[in-house]
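Trainee: Okay, here's the structure, questions in a sec.
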Amino acid sequence: MIINRHQRGMTLVEVLAALALLSMLVASTSSLTGYIARVSADLQADATARSALSATVDLIAADLDAWSAAHASIEADETDRPSVVTTVDGVELEFPAEEGRSARTIAYRFDEFSGRLTRADTMDEADQPRDLMGRIARFDVSLIEVDRSDGQEQLLIEVATEHGITRSIAVYRPPSEPNDG
């Protein structure tokens, strides 16, 4: 068997260099894959938080619309009027009693330590109060005087998530005394 001097195998140095290049390629690919997975998880968490916040705000807005409609439907001489009570940890929307039914109260409570927002409704006895959303950073309820001449106020509710997403809901609060005009 004759060995040709022009045919050579790989030396140990060449094999080690190829392995080093291959390991750098595998490490950079792994790092890139990990980065893409983290970004994807962050985007998914943000989208989930936005969706949950949107559903929560829609529910609060529907309750505020029902509360506003209760104001619009009462007669001027009625004494049982809808009211709103702001508390340290949330807000209570009180509706007047209807024929054959007791008064309804919807209460939103925010537990600052756990970041949970709950809703309790006296018309729905099952599963009360129920969790609406977690991971909330802030739930602020305030009454803002809109026009100083008639004393009309606006109820403003702001909800902020831990992801930095904030949504606001506002409704005009009718005067507490009936308007004789």
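By order in the structure tokens, chains are A, B, ...; within a chain, residues start at 1; ligands start at 1, following the order shown.
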Run DSSP on the backbone and tell me which residues of stretch 10-160 of chain A come out as alpha helix (DSSP H); list them as a count of residues only.
Mentor: 62
Trainee: Please provide as a compact mmCIF listing (two decimals) with N, CA, C and O atoms, in the first residue's frame all residues within 12 Å of A:Thr87, with the sequence filter that same-chain residues fewer than 4 positions apart are discarded (counting only C-alpha atoms).
Mentor:
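Everything below was put into out-v6.txt:
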```
# COMPACT_ATOMS: atom_id res chain seq x y z
N VAL A 91 -65.07 50.88 45.74
CA VAL A 91 -66.27 51.67 45.49
C VAL A 91 -67.50 50.77 45.58
O VAL A 91 -67.42 49.58 45.25
N GLU A 92 -68.61 51.34 46.05
CA GLU A 92 -69.89 50.63 46.10
C GLU A 92 -70.91 51.43 45.31
O GLU A 92 -71.08 52.63 45.55
N LEU A 93 -71.57 50.76 44.38
CA LEU A 93 -72.65 51.37 43.60
C LEU A 93 -73.96 50.85 44.19
O LEU A 93 -74.21 49.64 44.17
N ALA A 107 -70.20 46.04 44.71
CA ALA A 107 -69.00 46.55 45.38
C ALA A 107 -67.75 46.02 44.71
O ALA A 107 -67.62 44.82 44.46
N TYR A 108 -66.84 46.94 44.41
CA TYR A 108 -65.52 46.58 43.90
C TYR A 108 -64.52 46.83 45.01
O TYR A 108 -64.52 47.90 45.61
N ARG A 109 -63.70 45.83 45.30
CA ARG A 109 -62.71 45.93 46.36
C ARG A 109 -61.34 45.57 45.80
O ARG A 109 -61.19 44.59 45.07
N PHE A 110 -60.35 46.36 46.19
CA PHE A 110 -58.97 46.13 45.74
C PHE A 110 -58.12 45.78 46.96
O PHE A 110 -58.05 46.55 47.91
N PHE A 139 -55.81 50.74 41.94
CA PHE A 139 -57.25 50.88 41.67
C PHE A 139 -57.69 52.14 42.41
O PHE A 139 -57.85 52.13 43.62
N ASP A 140 -57.82 53.23 41.67
CA ASP A 140 -58.15 54.52 42.27
C ASP A 140 -59.57 54.92 41.89
O ASP A 140 -59.96 54.85 40.73
N VAL A 141 -60.31 55.37 42.90
CA VAL A 141 -61.66 55.89 42.70
C VAL A 141 -61.68 57.31 43.23
O VAL A 141 -61.25 57.56 44.36
N SER A 142 -62.15 58.23 42.40
CA SER A 142 -62.21 59.62 42.86
C SER A 142 -63.46 60.30 42.31
O SER A 142 -63.98 59.92 41.26
N LEU A 143 -63.92 61.29 43.05
CA LEU A 143 -65.01 62.15 42.61
C LEU A 143 -64.41 63.50 42.25
O LEU A 143 -63.73 64.12 43.07
```
Trainee: Compile the contact shell of A:Trp67 as a list in words: residues with an atom at most 12 Å away, counting only C-alpha atoms, same-chain residues fewer than 2 positions apart removed.
Mentor: Ile60, Ala61, Ala62, Asp63, Leu64, Asp65, Ala69, Ala70, His71, Ala72, Ser73, Ile74, Arg81, Pro82, Ser83, Val84, Glu92, Leu93, Glu94, Phe95, Pro96, Arg104, Thr105, Ile106, Leu155, Val171, Tyr172, Arg173 and Pro174 of chain A
Trainee: Can you check which residues of stretch 68-136 of chain A DSSP gives as strand (DSSP E or B) on the backbone and send them as number ranges by chain?
Mentor: A: 83-87, 90-95, 104-111, 116-121, 130-133, 136
Trainee: Can you tell me how far atom CA of A:Asp124 sits from atom CA of A:Ala103, in Å to one decimal?
Mentor: 12.4 Å
Trainee: When you count only C-alpha atoms, which of these residues is closest to A:Val57: A:Glu112, A:Glu158, A:Glu145, A:Asp131?
Mentor: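 Once distances to A:Val57 are computed over only C-alpha atoms, the minimum belongs to A:Glu158.
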Trainee: For A:Gly90, which residue among A:Met123, A:Val39, A:Ala66, A:Leu156 is the nearest when counting only C-alpha atoms?
Mentor: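 Checking each candidate against A:Gly90, we get A:Leu156 as the closest.
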Trainee: Just how far from atom CA of A:Gly115 is atom CA of A:Thr166, in Å to one decimal?
Mentor: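 Value for the atom CA of A:Thr166-atom CA of A:Gly115 distance: 14.3 Å.
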Trainee: Excluding A:Arg138 and any residue of its chain fewer than 4 positions from it, enumerate the residues within 7 Å of it, using only C-alpha atoms, and give them as a list in words.
Mentor: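 That gives Val159, Ala160 and Thr161 of chain A.
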Trainee: Let's have the selection written as a PDB file, in the first residue's frame, with all heavy atoms.
Mentor:
```
ATOM      1  N   VAL A 159     -57.644  51.996  36.679  1.00  0.00           N
ATOM      2  CA  VAL A 159     -57.091  50.679  36.978  1.00  0.00           C
ATOM      3  C   VAL A 159     -55.754  50.572  36.260  1.00  0.00           C
ATOM      4  O   VAL A 159     -55.673  50.841  35.062  1.00  0.00           O
ATOM      5  CB  VAL A 159     -58.030  49.545  36.500  1.00  0.00           C
ATOM      6  CG1 VAL A 159     -57.485  48.190  36.895  1.00  0.00           C
ATOM      7  CG2 VAL A 159     -59.434  49.741  37.030  1.00  0.00           C
ATOM      8  N   ALA A 160     -54.705  50.192  36.998  1.00  0.00           N
ATOM      9  CA  ALA A 160     -53.376  50.045  36.409  1.00  0.00           C
ATOM     10  C   ALA A 160     -52.835  48.657  36.736  1.00  0.00           C
ATOM     11  O   ALA A 160     -52.957  48.183  37.861  1.00  0.00           O
ATOM     12  CB  ALA A 160     -52.436  51.116  36.942  1.00  0.00           C
ATOM     13  N   THR A 161     -52.252  48.016  35.749  1.00  0.00           N
ATOM     14  CA  THR A 161     -51.676  46.684  35.947  1.00  0.00           C
ATOM     15  C   THR A 161     -50.210  46.803  36.324  1.00  0.00           C
ATOM     16  O   THR A 161     -49.598  47.866  36.212  1.00  0.00           O
ATOM     17  CB  THR A 161     -51.785  45.836  34.669  1.00  0.00           C
ATOM     18  OG1 THR A 161     -50.934  46.392  33.668  1.00  0.00           O
ATOM     19  CG2 THR A 161     -53.205  45.751  34.173  1.00  0.00           C
TER      20      THR A 161
END
```
Trainee: Here is a test: counting only C-alpha atoms, which residue of A:Ser102, A:Leu59, A:His163, A:Val85 is nearest to A:Thr118?
Mentor: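 Among A:Ser102, A:Leu59, A:His163, A:Val85, it is A:Leu59 that comes nearest to A:Thr118.
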Trainee: For a test of reading the model, state the distance in Å between atom CA of A:Ser54 and atom CA of A:Gly164, rounded to one decimal.
Mentor: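 Straight-line distance from atom CA of A:Ser54 to atom CA of A:Gly164 works out to 13.8 Å.
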